[in-house]
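**Q** File my_file_20.cif below, mmCIF, C-alpha atoms:
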```cif
data_target
#
loop_
_atom_site.group_PDB
_atom_site.id
_atom_site.type_symbol
_atom_site.label_atom_id
_atom_site.label_comp_id
_atom_site.auth_asym_id
_atom_site.auth_seq_id
_atom_site.Cartn_x
_atom_site.Cartn_y
_atom_site.Cartn_z
ATOM 1 C CA MET M 1 0.726 -25.952 -24.084
ATOM 2 C CA SER M 2 2.595 -24.572 -21.048
ATOM 3 C CA LYS M 3 1.011 -22.199 -18.538
ATOM 4 C CA ALA M 4 3.183 -19.272 -19.726
ATOM 5 C CA MET M 5 2.225 -19.992 -23.337
ATOM 6 C CA ARG M 6 -1.499 -20.130 -22.471
ATOM 7 C CA LEU M 7 -1.189 -16.834 -20.595
ATOM 8 C CA SER M 8 0.602 -15.214 -23.550
ATOM 9 C CA VAL M 9 -2.045 -16.495 -25.971
ATOM 10 C CA ALA M 10 -4.835 -15.222 -23.675
ATOM 11 C CA ILE M 11 -3.333 -11.719 -23.440
ATOM 12 C CA ALA M 12 -2.614 -11.556 -27.190
ATOM 13 C CA ALA M 13 -6.132 -12.775 -27.999
ATOM 14 C CA GLY M 14 -7.576 -10.274 -25.501
ATOM 15 C CA LEU M 15 -5.693 -7.440 -27.190
ATOM 16 C CA LEU M 16 -6.809 -8.585 -30.644
ATOM 17 C CA LEU M 17 -10.448 -8.934 -29.569
ATOM 18 C CA GLY M 18 -10.291 -5.501 -27.906
ATOM 19 C CA ALA M 19 -8.818 -4.007 -31.058
ATOM 20 C CA GLY M 20 -11.632 -5.728 -32.986
ATOM 21 C CA LEU M 21 -14.193 -4.041 -30.743
ATOM 22 C CA GLY M 22 -12.412 -0.748 -31.449
ATOM 23 C CA TYR M 23 -12.657 -1.455 -35.177
ATOM 24 C CA VAL M 24 -16.408 -2.119 -34.863
ATOM 25 C CA PHE M 25 -16.706 1.156 -32.958
ATOM 26 C CA SER M 26 -14.747 3.005 -35.655
ATOM 27 C CA LEU M 27 -17.173 1.714 -38.320
ATOM 28 C CA HIS M 28 -19.859 3.848 -36.680
ATOM 29 C CA ASN M 29 -17.438 6.711 -36.084
ATOM 30 C CA PRO M 30 -15.366 7.141 -39.274
ATOM 31 C CA GLY M 31 -11.832 8.386 -38.767
ATOM 32 C CA SER M 32 -11.531 7.204 -35.165
ATOM 33 C CA ALA M 33 -9.936 3.808 -35.855
ATOM 34 C CA ALA M 34 -6.393 4.951 -35.006
ATOM 35 C CA ILE M 35 -7.490 5.940 -31.492
ATOM 36 C CA ALA M 36 -10.428 3.589 -30.890
ATOM 37 C CA MET M 37 -8.564 0.355 -31.625
ATOM 38 C CA PRO M 38 -5.695 0.800 -29.138
ATOM 39 C CA VAL M 39 -7.986 2.372 -26.503
ATOM 40 C CA PHE M 40 -10.485 -0.490 -26.736
ATOM 41 C CA ALA M 41 -7.651 -3.025 -26.730
ATOM 42 C CA VAL M 42 -6.169 -1.600 -23.510
ATOM 43 C CA MET M 43 -9.508 -1.076 -21.744
ATOM 44 C CA THR M 44 -10.955 -4.492 -22.453
ATOM 45 C CA VAL M 45 -7.842 -6.653 -22.269
ATOM 46 C CA PRO M 46 -8.282 -7.697 -18.582
ATOM 47 C CA ALA M 47 -11.804 -9.034 -19.085
ATOM 48 C CA LEU M 48 -11.259 -10.466 -22.578
ATOM 49 C CA ALA M 49 -7.910 -12.066 -21.716
ATOM 50 C CA ALA M 50 -9.522 -13.599 -18.620
ATOM 51 C CA GLY M 51 -12.289 -15.005 -20.820
ATOM 52 C CA VAL M 52 -9.811 -16.540 -23.270
ATOM 53 C CA TRP M 53 -7.770 -17.837 -20.316
ATOM 54 C CA LEU M 54 -10.857 -19.606 -18.977
ATOM 55 C CA VAL M 55 -11.560 -21.157 -22.379
ATOM 56 C CA LEU M 56 -7.943 -22.340 -22.727
ATOM 57 C CA ASN M 57 -8.005 -23.817 -19.227
ATOM 58 C CA ARG M 58 -11.559 -25.200 -19.275
ATOM 59 C CA ARG M 59 -10.389 -28.799 -19.007
ATOM 60 C CA HIS M 60 -8.302 -27.938 -15.948
ATOM 61 C CA PHE M 61 -11.175 -26.065 -14.286
ATOM 62 C CA ASN M 62 -13.739 -28.728 -15.157
ATOM 63 C CA GLN M 63 -11.571 -31.399 -13.544
ATOM 64 C CA GLN M 64 -10.487 -29.467 -10.495
ATOM 65 C CA VAL M 65 -13.494 -27.451 -9.338
ATOM 66 C CA LYS M 66 -16.830 -29.230 -9.400
ATOM 67 C CA LYS M 67 -18.401 -26.967 -6.781
ATOM 68 C CA ASN M 68 -17.332 -23.755 -8.442
ATOM 69 C CA GLU M 69 -20.203 -21.851 -6.855
ATOM 70 C CA GLN M 70 -18.689 -22.538 -3.416
ATOM 71 C CA SER M 71 -15.168 -21.449 -4.334
ATOM 72 C CA VAL M 72 -13.640 -18.144 -3.315
ATOM 73 C CA GLU M 73 -13.176 -17.147 -6.961
ATOM 74 C CA ARG M 74 -16.960 -17.035 -7.395
ATOM 75 C CA ALA M 75 -17.231 -14.748 -4.378
ATOM 76 C CA TRP M 76 -14.573 -12.471 -5.876
ATOM 77 C CA ALA M 77 -16.379 -12.440 -9.231
ATOM 78 C CA ASP M 78 -19.688 -11.589 -7.535
ATOM 79 C CA ARG M 79 -18.113 -8.711 -5.641
ATOM 80 C CA ALA M 80 -16.328 -7.511 -8.796
ATOM 81 C CA SER M 81 -19.710 -7.527 -10.568
ATOM 82 C CA GLY M 82 -21.131 -5.313 -7.818
ATOM 83 C CA TRP M 83 -18.243 -2.863 -8.143
ATOM 84 C CA ALA M 84 -18.455 -2.868 -11.947
ATOM 85 C CA PHE M 85 -22.196 -2.197 -11.808
ATOM 86 C CA ALA M 86 -21.759 0.702 -9.371
ATOM 87 C CA LEU M 87 -18.930 2.199 -11.459
ATOM 88 C CA LEU M 88 -20.963 1.775 -14.644
ATOM 89 C CA VAL M 89 -23.951 3.571 -13.097
ATOM 90 C CA CYS M 90 -21.620 6.394 -11.975
ATOM 91 C CA ALA M 91 -20.146 6.616 -15.489
ATOM 92 C CA LEU M 92 -23.654 6.725 -16.993
ATOM 93 C CA VAL M 93 -24.701 9.487 -14.577
ATOM 94 C CA VAL M 94 -21.555 11.531 -15.283
ATOM 95 C CA GLY M 95 -21.933 11.014 -19.043
ATOM 96 C CA SER M 96 -25.605 11.902 -18.978
ATOM 97 C CA LEU M 97 -25.166 14.999 -16.773
ATOM 98 C CA SER M 98 -22.193 16.289 -18.761
ATOM 99 C CA ASN M 99 -24.292 15.925 -21.889
ATOM 100 C CA THR M 100 -27.386 17.705 -20.541
ATOM 101 C CA ILE M 101 -25.691 20.393 -18.420
ATOM 102 C CA PHE M 102 -22.462 21.119 -20.307
ATOM 103 C CA ASN M 103 -23.620 20.050 -23.782
ATOM 104 C CA ALA M 104 -20.740 17.589 -23.983
ATOM 105 C CA PRO M 105 -20.895 15.155 -26.906
ATOM 106 C CA THR M 106 -22.983 12.011 -26.357
ATOM 107 C CA ILE M 107 -20.872 8.977 -25.453
ATOM 108 C CA ASP M 108 -21.376 5.891 -27.600
ATOM 109 C CA PRO M 109 -23.003 3.007 -25.649
ATOM 110 C CA VAL M 110 -20.161 0.707 -26.798
ATOM 111 C CA ILE M 111 -17.800 2.845 -24.695
ATOM 112 C CA TYR M 112 -19.940 2.092 -21.646
ATOM 113 C CA VAL M 113 -19.882 -1.624 -22.434
ATOM 114 C CA ALA M 114 -16.084 -1.523 -22.707
ATOM 115 C CA PHE M 115 -15.898 0.473 -19.484
ATOM 116 C CA GLY M 116 -18.098 -2.074 -17.672
ATOM 117 C CA LEU M 117 -15.952 -4.991 -18.878
ATOM 118 C CA ALA M 118 -12.738 -3.213 -17.925
ATOM 119 C CA ALA M 119 -14.161 -2.259 -14.520
ATOM 120 C CA HIS M 120 -15.140 -5.875 -13.834
ATOM 121 C CA GLY M 121 -11.741 -7.219 -14.864
ATOM 122 C CA LEU M 122 -9.820 -4.665 -12.825
ATOM 123 C CA ALA M 123 -12.088 -5.015 -9.780
ATOM 124 C CA TYR M 124 -11.609 -8.795 -9.860
ATOM 125 C CA LEU M 125 -7.835 -8.452 -10.071
ATOM 126 C CA LEU M 126 -7.756 -5.919 -7.217
ATOM 127 C CA ILE M 127 -9.963 -8.065 -4.960
ATOM 128 C CA LYS M 128 -7.887 -11.148 -5.755
ATOM 129 C CA ARG M 129 -4.623 -9.330 -5.062
ATOM 130 C CA ARG M 130 -5.905 -7.940 -1.770
ATOM 131 C CA GLU M 131 -7.409 -11.164 -0.453
ATOM 132 C CA SER M 132 -5.253 -14.004 -1.768
ATOM 133 C CA MET I 1 -13.552 -16.328 11.122
ATOM 134 C CA ASP I 2 -10.803 -18.214 12.950
ATOM 135 C CA ASN I 3 -10.521 -21.907 12.260
ATOM 136 C CA ARG I 4 -8.516 -25.039 12.979
ATOM 137 C CA LEU I 5 -8.377 -26.123 9.356
ATOM 138 C CA PRO I 6 -4.541 -26.068 8.982
ATOM 139 C CA GLU I 7 -4.192 -28.156 12.136
ATOM 140 C CA LEU I 8 -6.861 -30.684 11.147
ATOM 141 C CA ARG I 9 -5.520 -30.889 7.594
ATOM 142 C CA ALA I 10 -1.976 -31.503 8.856
ATOM 143 C CA ALA I 11 -3.215 -34.170 11.279
ATOM 144 C CA LYS I 12 -4.835 -35.981 8.373
ATOM 145 C CA GLY I 13 -1.691 -35.579 6.236
ATOM 146 C CA LEU I 14 -3.477 -33.676 3.492
ATOM 147 C CA SER I 15 -1.998 -30.947 1.333
ATOM 148 C CA GLN I 16 -4.095 -27.891 0.447
ATOM 149 C CA SER I 17 -4.480 -29.255 -3.084
ATOM 150 C CA ALA I 18 -5.560 -32.684 -1.860
ATOM 151 C CA LEU I 19 -8.145 -31.199 0.500
ATOM 152 C CA ALA I 20 -9.402 -28.906 -2.255
ATOM 153 C CA LYS I 21 -9.854 -31.917 -4.522
ATOM 154 C CA LEU I 22 -11.691 -33.833 -1.793
ATOM 155 C CA LEU I 23 -14.044 -30.907 -1.232
ATOM 156 C CA ASP I 24 -14.459 -30.116 -4.969
ATOM 157 C CA VAL I 25 -13.322 -26.514 -4.593
ATOM 158 C CA SER I 26 -10.238 -24.604 -5.745
ATOM 159 C CA ARG I 27 -6.957 -24.649 -3.815
ATOM 160 C CA GLN I 28 -7.259 -20.883 -3.454
ATOM 161 C CA THR I 29 -10.518 -21.456 -1.567
ATOM 162 C CA ILE I 30 -8.700 -23.588 1.015
ATOM 163 C CA ILE I 31 -5.915 -20.995 1.288
ATOM 164 C CA SER I 32 -8.422 -18.176 1.822
ATOM 165 C CA ILE I 33 -10.397 -20.143 4.425
ATOM 166 C CA GLU I 34 -7.235 -21.036 6.350
ATOM 167 C CA LYS I 35 -6.186 -17.376 6.385
ATOM 168 C CA GLY I 36 -9.659 -16.430 7.647
ATOM 169 C CA ARG I 37 -10.332 -14.274 4.595
ATOM 170 C CA PHE I 38 -13.233 -16.311 3.257
ATOM 171 C CA ASP I 39 -16.150 -17.821 5.127
ATOM 172 C CA PRO I 40 -17.268 -21.053 3.453
ATOM 173 C CA SER I 41 -20.873 -21.723 2.528
ATOM 174 C CA LEU I 42 -22.858 -24.018 4.807
ATOM 175 C CA PRO I 43 -22.727 -26.985 2.366
ATOM 176 C CA LEU I 44 -18.940 -26.621 2.131
ATOM 177 C CA ALA I 45 -18.613 -26.386 5.916
ATOM 178 C CA PHE I 46 -20.649 -29.588 6.259
ATOM 179 C CA ARG I 47 -18.428 -31.375 3.711
ATOM 180 C CA MET I 48 -15.374 -30.242 5.692
ATOM 181 C CA ALA I 49 -16.885 -31.600 8.877
ATOM 182 C CA GLU I 50 -17.618 -34.920 7.139
ATOM 183 C CA THR I 51 -14.066 -35.066 5.774
ATOM 184 C CA PHE I 52 -12.519 -34.554 9.214
ATOM 185 C CA LYS I 53 -15.233 -36.583 10.985
ATOM 186 C CA CYS I 54 -16.055 -33.802 13.412
ATOM 187 C CA THR I 55 -18.615 -31.035 13.803
ATOM 188 C CA ILE I 56 -18.532 -27.632 12.142
ATOM 189 C CA GLU I 57 -17.936 -26.083 15.572
ATOM 190 C CA ASP I 58 -14.785 -28.206 15.906
ATOM 191 C CA ILE I 59 -13.384 -26.559 12.762
ATOM 192 C CA PHE I 60 -14.597 -22.979 13.005
ATOM 193 C CA ILE I 61 -14.267 -20.719 16.017
ATOM 194 C CA ARG I 62 -16.979 -18.138 16.409
ATOM 195 C CA GLY I 63 -15.544 -14.619 16.548
ATOM 196 C CA ASN I 64 -16.986 -11.506 18.150
#
```
Let's see the structure in the file written out as structure tokens.

**A**
Amino acid sequence: MSKAMRLSVAIAAGLLLGAGLGYVFSLHNPGSAAIAMPVFAVMTVPALAAGVWLVLNRRHFNQQVKKNEQSVERAWADRASGWAFALLVCALVVGSLSNTIFNAPTIDPVIYVAFGLAAHGLAYLLIKRRES
Amino acid sequence: MDNRLPELRAAKGLSQSALAKLLDVSRQTIISIEKGRFDPSLPLAFRMAETFKCTIEDIFIRGN
């Protein structure tokens, strides 16, 4: 399978998995499937597509990078995790305060999970773009 | 951190990919180190020094 084909499969699988998460969300929130599925698909596609990409390329990575923990990609992933955690805490604080102060509707925890995954994927891509 | 990695690598006739394979890291890691955007771990710096048969100080130049 060519690199372009693997990338296409990873993105398509990421979108499908994201839409699946949206479907699971809509099971708990009847009537929201039409919005939840595309929103989840878009928000989670960077992280999920990256995961599928890693699975599709595992043989390549296993052969090429034995000391993965010493590679720059691990440093990027660690920093992206830090950013994602900070953003997730901010989102939780905003969600919690808007609920208690402004009586806004409670946000489903699955939304926070999707937000955390999306934040990690985007942070990784931004760090990689800036530093590679 | 500044370094003499491109110079040492060229002197040994190694491509970035070949050096990455020797050091068991990704090619992007070598690129980032050469550009001074990534400081390698101590074990990786020692492996570099062993590869080029020199000391770590011969490869990396301490900045301010």

**Q** Determine the residue membership of the PyMOL selection byres ((chain M and resi 20-36) around 12) for the file above and supply it as a ChimeraX atom specification.

**A** /M:13-19,37-45,48,107-114

**Q** At a cut-off of 8 Å, list the chain I residues touching chain M, using all atoms listed in the file, as an MDAnalysis selection string.

**A** chainID I and resid 21 24:26 28:29 31:32 37:38 40:41 44

**Q** Write out the residues from the selection above, keeping C-alpha atoms, as a PDB file, in the coordinates of the input.

**A**
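Saved as again38.pdb:
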```pdb
ATOM      1  CA  LYS I  21      -9.854 -31.917  -4.522  1.00  0.00           C
ATOM      2  CA  ASP I  24     -14.459 -30.116  -4.969  1.00  0.00           C
ATOM      3  CA  VAL I  25     -13.322 -26.514  -4.593  1.00  0.00           C
ATOM      4  CA  SER I  26     -10.238 -24.604  -5.745  1.00  0.00           C
ATOM      5  CA  GLN I  28      -7.259 -20.883  -3.454  1.00  0.00           C
ATOM      6  CA  THR I  29     -10.518 -21.456  -1.567  1.00  0.00           C
ATOM      7  CA  ILE I  31      -5.915 -20.995   1.288  1.00  0.00           C
ATOM      8  CA  SER I  32      -8.422 -18.176   1.822  1.00  0.00           C
ATOM      9  CA  ARG I  37     -10.332 -14.274   4.595  1.00  0.00           C
ATOM     10  CA  PHE I  38     -13.233 -16.311   3.257  1.00  0.00           C
ATOM     11  CA  PRO I  40     -17.268 -21.053   3.453  1.00  0.00           C
ATOM     12  CA  SER I  41     -20.873 -21.723   2.528  1.00  0.00           C
ATOM     13  CA  LEU I  44     -18.940 -26.621   2.131  1.00  0.00           C
TER      14      LEU I  44
END
```

**Q** Around range 5-13 of chain I, with edges along x, y and z and 6 Å added on all six sides, what centre and edge lengths do you get, in Å to one decimal, as JSON?

**A**
```
{"center_x": -5.0, "center_y": -31.0, "center_z": 9.2, "size_x": 18.7, "size_y": 21.9, "size_z": 17.9}
```

**Q** If you measure from CA of Leu42 in chain I to CA of Ile30 in chain I, what distance in Å do you get, rounded to one decimal?

**A**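 We find that CA of Leu42 in chain I and CA of Ile30 in chain I lie 14.7 Å from each other.
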
**Q** Suppose you want the space between CA of Ser15 in chain I and CA of Leu126 in chain M; what is it in Å?

**A**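 Distance reported for this atom pair: 27.1 Å.
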
**Q** Quick one: residues within 10 Å of Arg47 in chain I, all atoms listed in the file counted, chain neighbours fewer than 5 positions away excluded, as a PyMOL selection string?

**A** chain I and resi 22-24+42+52-53+56
